[in-house]
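Q: Below are the structure tokens for one structure; questions will follow.
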Amino acid sequence: MRRGLRFVPLAMLAALVLELAVFVLVGRAVGFGVALLLVLAASLLGMVLLRREGMRAWRGFRTAAQAGQPPGRQVTDGLVGLLGALLLAMPGLVSGLVGLLLLVPPVRAVARVGVQRATERRVSSMVAGDLFGPRRVRVRRGAPRPAPQPDTEPPVVVDGGRAIEGEIVER
């Protein structure tokens with residue numbers, strides 16, 4: 001994790017250069033006044049959506065918690081929505097476009113699944129189960145696969161050869 005953090009300043013600089021280059025290109029194509037109005041309109045829309053997405057995420061979390069369901073899906077969906085609104089609120093055409101894409105339902109669903117999978121890899125199976133509910137796992141018949149990496153689940157072998165629904169429980 002820390003190895004990747006050393007590239008954050010470089011990535012931020014690259015993003016700034018990209019934003020400026022795209023702004024200049026769009027400004028030359030449609031005029032700087034129109035490009036500036038696009039950036040301002042996107043930022044205003046992002047600020048409005050920040051509040052809406054925050055309230056939506058909070059309501060989804062409360063509803064899941066009150067119903068006794070795992071809140072992970074609502075939390076990850078809310079985080080993706082908040083990130084999209086935040087990127088849209090930031091001044092810039094590229095960040096605004098990425099933020100707008102994260103608010104489109106099919107793209108948002110794909111991003112939510114990605115966030116959920118990344119979270120499941122970083123936390124224990126028990127915490128992942130508490131957040132996202134029981135997971136579906138595939139169980140295969142036959143010899144076990146090669147030894148897993150230290151932080152992954154061991155392979156399970158059962159008779160029958162068909163996929164079954166199960167829950168991973170840590171001891």
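Scheme for the structure tokens: letters A, B, ... for chains in order shown; per-chain residue numbers from 1; ligand numbers from 1 in order shown.
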Quick one: residues within 9 Å of A:Asp77, only C-alpha atoms counted, chain neighbours fewer than 6 positions away excluded, as a PyMOL selection string?

A: chain A and resi 57+108-109+111-113+115

Q: Would you save the residues from that selection as an mmCIF file, in the first residue's frame, using N, CA, C and O atoms?

A:
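This is the output file part_15.cif:
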data_model
loop_
_atom_site.group_PDB
_atom_site.id
_atom_site.type_symbol
_atom_site.label_atom_id
_atom_site.label_comp_id
_atom_site.auth_asym_id
_atom_site.auth_seq_id
_atom_site.Cartn_x
_atom_site.Cartn_y
_atom_site.Cartn_z
ATOM 1 N N ALA A 57 -27.043 7.985 0.063
ATOM 2 C CA ALA A 57 -26.190 6.962 0.678
ATOM 3 C C ALA A 57 -26.587 6.747 2.139
ATOM 4 O O ALA A 57 -26.674 5.607 2.608
ATOM 5 N N ARG A 108 -21.937 2.877 -12.811
ATOM 6 C CA ARG A 108 -21.939 2.895 -11.347
ATOM 7 C C ARG A 108 -21.988 1.474 -10.785
ATOM 8 O O ARG A 108 -21.309 1.157 -9.808
ATOM 9 N N ALA A 109 -22.785 0.612 -11.416
ATOM 10 C CA ALA A 109 -22.881 -0.779 -10.956
ATOM 11 C C ALA A 109 -21.556 -1.504 -11.122
ATOM 12 O O ALA A 109 -21.125 -2.241 -10.226
ATOM 13 N N ALA A 111 -18.568 -0.093 -11.206
ATOM 14 C CA ALA A 111 -17.643 0.481 -10.225
ATOM 15 C C ALA A 111 -17.946 -0.038 -8.823
ATOM 16 O O ALA A 111 -17.029 -0.321 -8.045
ATOM 17 N N ARG A 112 -19.238 -0.183 -8.492
ATOM 18 C CA ARG A 112 -19.618 -0.696 -7.173
ATOM 19 C C ARG A 112 -19.096 -2.112 -6.972
ATOM 20 O O ARG A 112 -18.569 -2.455 -5.909
ATOM 21 N N VAL A 113 -19.237 -2.945 -8.005
ATOM 22 C CA VAL A 113 -18.741 -4.320 -7.911
ATOM 23 C C VAL A 113 -17.221 -4.315 -7.728
ATOM 24 O O VAL A 113 -16.676 -5.085 -6.942
ATOM 25 N N VAL A 115 -15.377 -1.941 -6.340
ATOM 26 C CA VAL A 115 -15.086 -1.498 -4.969
ATOM 27 C C VAL A 115 -15.371 -2.625 -3.983
ATOM 28 O O VAL A 115 -14.602 -2.867 -3.054
#

Q: Within 6 Å of A:Phe61, counting only C-alpha atoms, which residues qualify if same-chain residues fewer than 2 places away don't, as a PyMOL selection string?

A: chain A and resi 58-59+63-64+71+74

Q: Counting only C-alpha atoms, what is within 9 Å of A:Gly84, bar same-chain residues fewer than 4 positions away, as a ChimeraX atom specification?

A: /A:46,49-50,79-80,88-89,95-96,98-103,108

Q: Please measure the separation of atom CA of A:Ala42 and atom CA of A:Pro91, giving the value in Å to one decimal.

A: 7.7 Å

Q: Please measure the separation of atom CA of A:Leu93 and atom CA of A:Val39, giving the value in Å to one decimal.

A: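 Between atom CA of A:Leu93 and atom CA of A:Val39 the gap works out to 6.1 Å.
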
Q: Please determine, counting only C-alpha atoms, which residue among A:Leu25, A:Leu87, A:Ala41, A:Val75 has the shortest atom-to-atom distance to A:Thr119.

A: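 Checking each of A:Leu25, A:Leu87, A:Ala41, A:Val75 against A:Thr119, counting only C-alpha atoms, the winner is A:Val75.
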